[in-house]
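Student: Sharing a structure below in structure tokens format, with a few things to ask.
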Amino acid sequence: MTYYPPVNPAGPSGTPPPNHLVWAILTTLFCCLPAGIVSIVFAAQVNSKWSSGDHAGAVSASNNAKIWAIVSAVIGGVATLLFVALSAGNYNG
């Protein structure tokens with residue numbers, strides 16, 4: 001008879017780092033598509049790396065997902081401000 005240790009549902013040693021997937025998806029849709037896609041790719045890697053035991057890789061992917069989501073949000077905000085400023089400057093009302 002073989003014995004298999006119980007599986008820990010919370011992961012190998014606790015909970016994985018946040019994957020920032022929701023923020024990545026929202027910044028992809030509403031801010032900057034290319035940077036948002038990079039954020040989604042990193043966010044999708046977090047849980048699989050954590051499950052395979054690559055804790056440092058999961059933390060790195062989580063940090064990269066957050067950074068690229070911020071980059072996407074900043075680019076989207078700057079583009080929106082430029083659009084509004086240029087539109088207001090061309091108004092001949």
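Going by the structure tokens order, chains are called A, B, ..., each with residues numbered from 1, while ligands are numbered from 1 in the order shown.
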Give me the residues near His20 in chain A as a list in words, where near means some atom within 8 Å (using only C-alpha atoms) and where sequence neighbours in that chain fewer than 4 positions away do not count.
Tutor: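 Within the cut-off, the hits are Ala24, Ala43, Ser62, Ala65 and Lys66 of chain A.
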Student: Next, the residues of the selection above should be written as a PDB file, in the first residue's frame with all heavy atoms.
Tutor:
```pdb
ATOM      1  N   ALA A  24      -4.984  43.996 -15.793  1.00  0.00           N
ATOM      2  CA  ALA A  24      -4.354  43.825 -17.104  1.00  0.00           C
ATOM      3  C   ALA A  24      -5.403  43.843 -18.216  1.00  0.00           C
ATOM      4  O   ALA A  24      -5.210  44.482 -19.255  1.00  0.00           O
ATOM      5  CB  ALA A  24      -3.559  42.525 -17.139  1.00  0.00           C
ATOM      6  N   ALA A  43       0.463  38.105 -16.371  1.00  0.00           N
ATOM      7  CA  ALA A  43      -0.551  37.738 -15.379  1.00  0.00           C
ATOM      8  C   ALA A  43      -0.965  36.280 -15.512  1.00  0.00           C
ATOM      9  O   ALA A  43      -1.220  35.599 -14.519  1.00  0.00           O
ATOM     10  CB  ALA A  43      -1.764  38.655 -15.520  1.00  0.00           C
ATOM     11  N   SER A  62       4.290  38.335 -11.456  1.00  0.00           N
ATOM     12  CA  SER A  62       3.299  39.210 -10.824  1.00  0.00           C
ATOM     13  C   SER A  62       3.754  40.668 -10.875  1.00  0.00           C
ATOM     14  O   SER A  62       2.970  41.566 -11.217  1.00  0.00           O
ATOM     15  CB  SER A  62       3.072  38.783  -9.375  1.00  0.00           C
ATOM     16  OG  SER A  62       2.224  39.684  -8.709  1.00  0.00           O
ATOM     17  N   ALA A  65       3.538  41.912 -14.465  1.00  0.00           N
ATOM     18  CA  ALA A  65       2.147  42.169 -14.859  1.00  0.00           C
ATOM     19  C   ALA A  65       1.677  43.504 -14.309  1.00  0.00           C
ATOM     20  O   ALA A  65       1.014  44.281 -15.009  1.00  0.00           O
ATOM     21  CB  ALA A  65       1.243  41.039 -14.362  1.00  0.00           C
ATOM     22  N   LYS A  66       2.037  43.798 -13.068  1.00  0.00           N
ATOM     23  CA  LYS A  66       1.646  45.063 -12.452  1.00  0.00           C
ATOM     24  C   LYS A  66       2.313  46.249 -13.160  1.00  0.00           C
ATOM     25  O   LYS A  66       1.665  47.250 -13.462  1.00  0.00           O
ATOM     26  CB  LYS A  66       2.023  45.046 -10.975  1.00  0.00           C
ATOM     27  CG  LYS A  66       1.617  46.282 -10.217  1.00  0.00           C
ATOM     28  CD  LYS A  66       1.998  46.151  -8.756  1.00  0.00           C
ATOM     29  CE  LYS A  66       1.627  47.402  -7.991  1.00  0.00           C
ATOM     30  NZ  LYS A  66       2.020  47.304  -6.584  1.00  0.00           N
TER      31      LYS A  66
END
```
Student: Quick one: of A:Val46, A:Gly14, A:Ile40, A:Ala88, who's nearest to Thr27 in chain A, counting only C-alpha atoms?
Tutor: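 Of all the options, A:Ile40 lies closest to Thr27 in chain A.
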Student: Using only C-alpha atoms, determine which residues lie at most 12 Å from Phe30 in chain A, disregarding the query and same-chain residues fewer than 6 positions distant; provide the list as a list in words.
Tutor: Trp23, Ala24, Gly36, Ile37, Ala69, Ser72, Ala73, Val74, Ile75, Gly76, Gly77, Ala79 and Thr80 of chain A
Student: Just give me the gap between CA of Cys32 in chain A and CA of Gly89 in chain A in Å, one decimal is fine.
Tutor: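 Going from CA of Cys32 in chain A over to CA of Gly89 in chain A covers 23.8 Å.
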Student: Among chain A, which residues does DSSP mark as alpha helix (DSSP H) when it is run on the backbone? Keep the chain and numbering as in the structure and answer as a PyMOL selection string.
Tutor: chain A and resi 21-30+33-51+55-89
